[in-house]
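Chemist: Have a look at the structure that comes next, please.
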Amino acid sequence: MESDGQEILPAGTQLQRQRPPLVRKNFLATVLVLGALFFSIFKFWMMPVKILGESMYPTYRNGTRHFLNRMAYWSAEPQRGDVIGMRAPDDDLYIKRIIGLPGDTIEITNAVIFVNGAPLRDPLEAPVPRLVHPFTLNPNEYWVIGDNRFISVFGPITRKDILGKIVF
């Protein structure tokens, strides 16, 4: 007797359909690859951050969430006006704006920020209620300040303290 590729089951036996093992393995492999991809993106490239405090008000509000591009400065140097994430001395993450680049001289007089002797063109037009005598940045230093000038911590930081750029 010749078989046409179909099995004959004994009477009363129900045919159970199972997914082929290959489909399950493909699904599991896809999930693992996507998991590794998302882990890599959020661990090494785009770091989610939550703004805590008012030092960057009105640009960034307390409680809002943004992303820090950790690769932004791998091929380019930070620029004046960039909003960065930086490692603070207490190991916290601070969000600040760069206003001084390596070699710049920073001075704050009469609530006005001067960079290399010229007033900083500040779209916020926020007065700084502190006095800073002329200070020249070293080759690996940047001057940072928060947008809310009245309560913001500011000063020079080194390049290694910059973790990345806030992108959105």
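Just so we're on the same page: first chain in the structure tokens is A, next is B, and so on; residues restart at 1 for each chain, and ligands are numbered from 1 in the order they show up.
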I need the residues in range 8-163 of chain A that are strand (DSSP E) according to DSSP; give them as a PyMOL selection string.

Modeler: chain A and resi 46-50+65-69+83-87+93-100+105-109+112-115+118-119+132-136+141-145+155-158+162-163

Chemist: Could you pull out the residues in range 15-166 of chain A that DSSP calls alpha helix (DSSP H) from the backbone, as a list in words?

Modeler: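 Alpha helix (DSSP H) assignments inside range 15-166 of chain A correspond to Pro21, Leu22, Val23, Arg24, Lys25, Asn26, Phe27, Leu28, Ala29, Thr30, Val31, Leu32, Val33, Leu34, Gly35, Ala36, Leu37, Phe38, Phe39 and Ser40 of chain A.
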
Chemist: Output C-alpha atoms of each residue in that selection to a file, as a PDB file, in the first residue's frame.

Modeler:
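Wrote part.pdb, looks like this:
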```pdb
ATOM      1  CA  PRO A  21       9.750  24.839  16.910  1.00  0.00           C
ATOM      2  CA  LEU A  22      11.444  27.008  14.282  1.00  0.00           C
ATOM      3  CA  VAL A  23       8.799  29.758  14.628  1.00  0.00           C
ATOM      4  CA  ARG A  24       9.277  29.898  18.395  1.00  0.00           C
ATOM      5  CA  LYS A  25      13.055  30.022  18.022  1.00  0.00           C
ATOM      6  CA  ASN A  26      12.821  32.830  15.461  1.00  0.00           C
ATOM      7  CA  PHE A  27      10.488  34.800  17.716  1.00  0.00           C
ATOM      8  CA  LEU A  28      12.786  34.335  20.720  1.00  0.00           C
ATOM      9  CA  ALA A  29      15.854  35.322  18.685  1.00  0.00           C
ATOM     10  CA  THR A  30      14.074  38.462  17.423  1.00  0.00           C
ATOM     11  CA  VAL A  31      13.060  39.475  20.948  1.00  0.00           C
ATOM     12  CA  LEU A  32      16.607  38.944  22.240  1.00  0.00           C
ATOM     13  CA  VAL A  33      18.176  40.927  19.396  1.00  0.00           C
ATOM     14  CA  LEU A  34      15.722  43.813  19.848  1.00  0.00           C
ATOM     15  CA  GLY A  35      16.291  43.761  23.611  1.00  0.00           C
ATOM     16  CA  ALA A  36      20.069  43.933  23.137  1.00  0.00           C
ATOM     17  CA  LEU A  37      19.660  46.730  20.579  1.00  0.00           C
ATOM     18  CA  PHE A  38      17.459  48.860  22.859  1.00  0.00           C
ATOM     19  CA  PHE A  39      19.740  48.196  25.829  1.00  0.00           C
ATOM     20  CA  SER A  40      22.759  49.348  23.804  1.00  0.00           C
TER      21      SER A  40
END
```

Chemist: Quick one, how far is CA of Ala88 in chain A from CA of Lys160 in chain A?

Modeler: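 Value for the CA of Ala88 in chain A-CA of Lys160 in chain A distance: 11.1 Å.
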
Chemist: Which residues of range 64-112 of chain A come within 12 Å of range 130-134 of chain A, and what is each one's closest atom pair and distance in Å (one decimal), counting only C-alpha atoms, sorted by chain and residue number, as JSON lines?

Modeler:
```
{"residue": "A:Asp104", "atom": "CA", "partner": "A:Pro134", "partner_atom": "CA", "distance": 9.9}
{"residue": "A:Thr105", "atom": "CA", "partner": "A:Pro134", "partner_atom": "CA", "distance": 6.2}
{"residue": "A:Ile106", "atom": "CA", "partner": "A:Pro134", "partner_atom": "CA", "distance": 5.5}
{"residue": "A:Glu107", "atom": "CA", "partner": "A:Pro134", "partner_atom": "CA", "distance": 4.5}
{"residue": "A:Ile108", "atom": "CA", "partner": "A:Val132", "partner_atom": "CA", "distance": 4.7}
{"residue": "A:Thr109", "atom": "CA", "partner": "A:Leu131", "partner_atom": "CA", "distance": 5.6}
{"residue": "A:Asn110", "atom": "CA", "partner": "A:Leu131", "partner_atom": "CA", "distance": 7.5}
{"residue": "A:Ala111", "atom": "CA", "partner": "A:Arg130", "partner_atom": "CA", "distance": 6.6}
{"residue": "A:Val112", "atom": "CA", "partner": "A:Leu131", "partner_atom": "CA", "distance": 9.1}
```

Chemist: Store the residues picked out above, limited to N, CA, C and O atoms, as a compact mmCIF listing (two decimals), in the first residue's frame.

Modeler:
```txt
# COMPACT_ATOMS: atom_id res chain seq x y z
N ASP A 104 38.84 81.08 26.59
CA ASP A 104 38.01 82.28 26.77
C ASP A 104 38.27 82.91 28.14
O ASP A 104 38.63 82.22 29.09
N THR A 105 38.05 84.21 28.21
CA THR A 105 38.09 84.92 29.49
C THR A 105 36.66 85.31 29.83
O THR A 105 35.98 85.97 29.06
N ILE A 106 36.22 84.87 31.00
CA ILE A 106 34.85 85.10 31.47
C ILE A 106 34.89 86.14 32.59
O ILE A 106 35.75 86.08 33.47
N GLU A 107 33.95 87.08 32.54
CA GLU A 107 33.83 88.09 33.59
C GLU A 107 32.35 88.40 33.75
O GLU A 107 31.61 88.46 32.77
N ILE A 108 31.92 88.58 35.00
CA ILE A 108 30.54 89.00 35.27
C ILE A 108 30.62 90.27 36.08
O ILE A 108 31.14 90.28 37.20
N THR A 109 30.13 91.36 35.49
CA THR A 109 30.15 92.67 36.13
C THR A 109 28.80 93.34 35.89
O THR A 109 28.27 93.30 34.77
N ASN A 110 28.26 93.97 36.92
CA ASN A 110 26.97 94.67 36.81
C ASN A 110 25.89 93.78 36.21
O ASN A 110 25.12 94.20 35.35
N ALA A 111 25.87 92.51 36.62
CA ALA A 111 24.86 91.52 36.21
C ALA A 111 24.94 91.15 34.73
O ALA A 111 24.03 90.55 34.19
N VAL A 112 26.05 91.49 34.06
CA VAL A 112 26.23 91.17 32.65
C VAL A 112 27.41 90.22 32.51
O VAL A 112 28.46 90.42 33.12
```

Chemist: Env of Gly53 in chain A: 10 Å cut, atoms = only C-alpha atoms, seq-sep filter 6 positions within chain, self excluded. Answer as a list of chain:residue names.

Modeler: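 My reading of the contact set: A:Tyr60, A:Arg61, A:Asn62, A:Gly63, A:Tyr94, A:Ile151, A:Ser152.
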
Chemist: Have a look at A:Ile113, A:Met46, A:Met86, A:Ile145 and name the one nearest to Val167 in chain A; count only C-alpha atoms.

Modeler: A:Met46

Chemist: CA of Phe114 in chain A and CA of Phe150 in chain A are how many Å apart?

Modeler: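 Going from CA of Phe114 in chain A over to CA of Phe150 in chain A, I get 17.0 Å.
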
Chemist: So that I can see what lies close to Pro48 in chain A, please list as a VMD selection string the residues with an atom at most 12 Å from it, counting only C-alpha atoms and leaving out residues fewer than 4 positions away in the same chain.

Modeler: chain A and resid 41 to 44 64 to 70 85 93 164 to 168

Chemist: Considering only C-alpha atoms, state which residue in the set A:Arg159, A:Arg121, A:Arg87, A:Lys96 is at the smallest distance from Met56 in chain A.

Modeler: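 Smallest distance to Met56 in chain A is found for A:Lys96.
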
Chemist: Of the residues A:Pro127, A:Gly100, A:Pro139, A:Pro58, which is the one nearest to Gly81 in chain A, using only C-alpha atoms?

Modeler: A:Gly100

Chemist: Out of A:Val49, A:Val144, A:Ala126, A:Val153, which residue has the shortest atom-to-atom distance to Pro78 in chain A when counting only C-alpha atoms?

Modeler: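 Comparing A:Val49, A:Val144, A:Ala126, A:Val153 against Pro78 in chain A, the winner is A:Val144.
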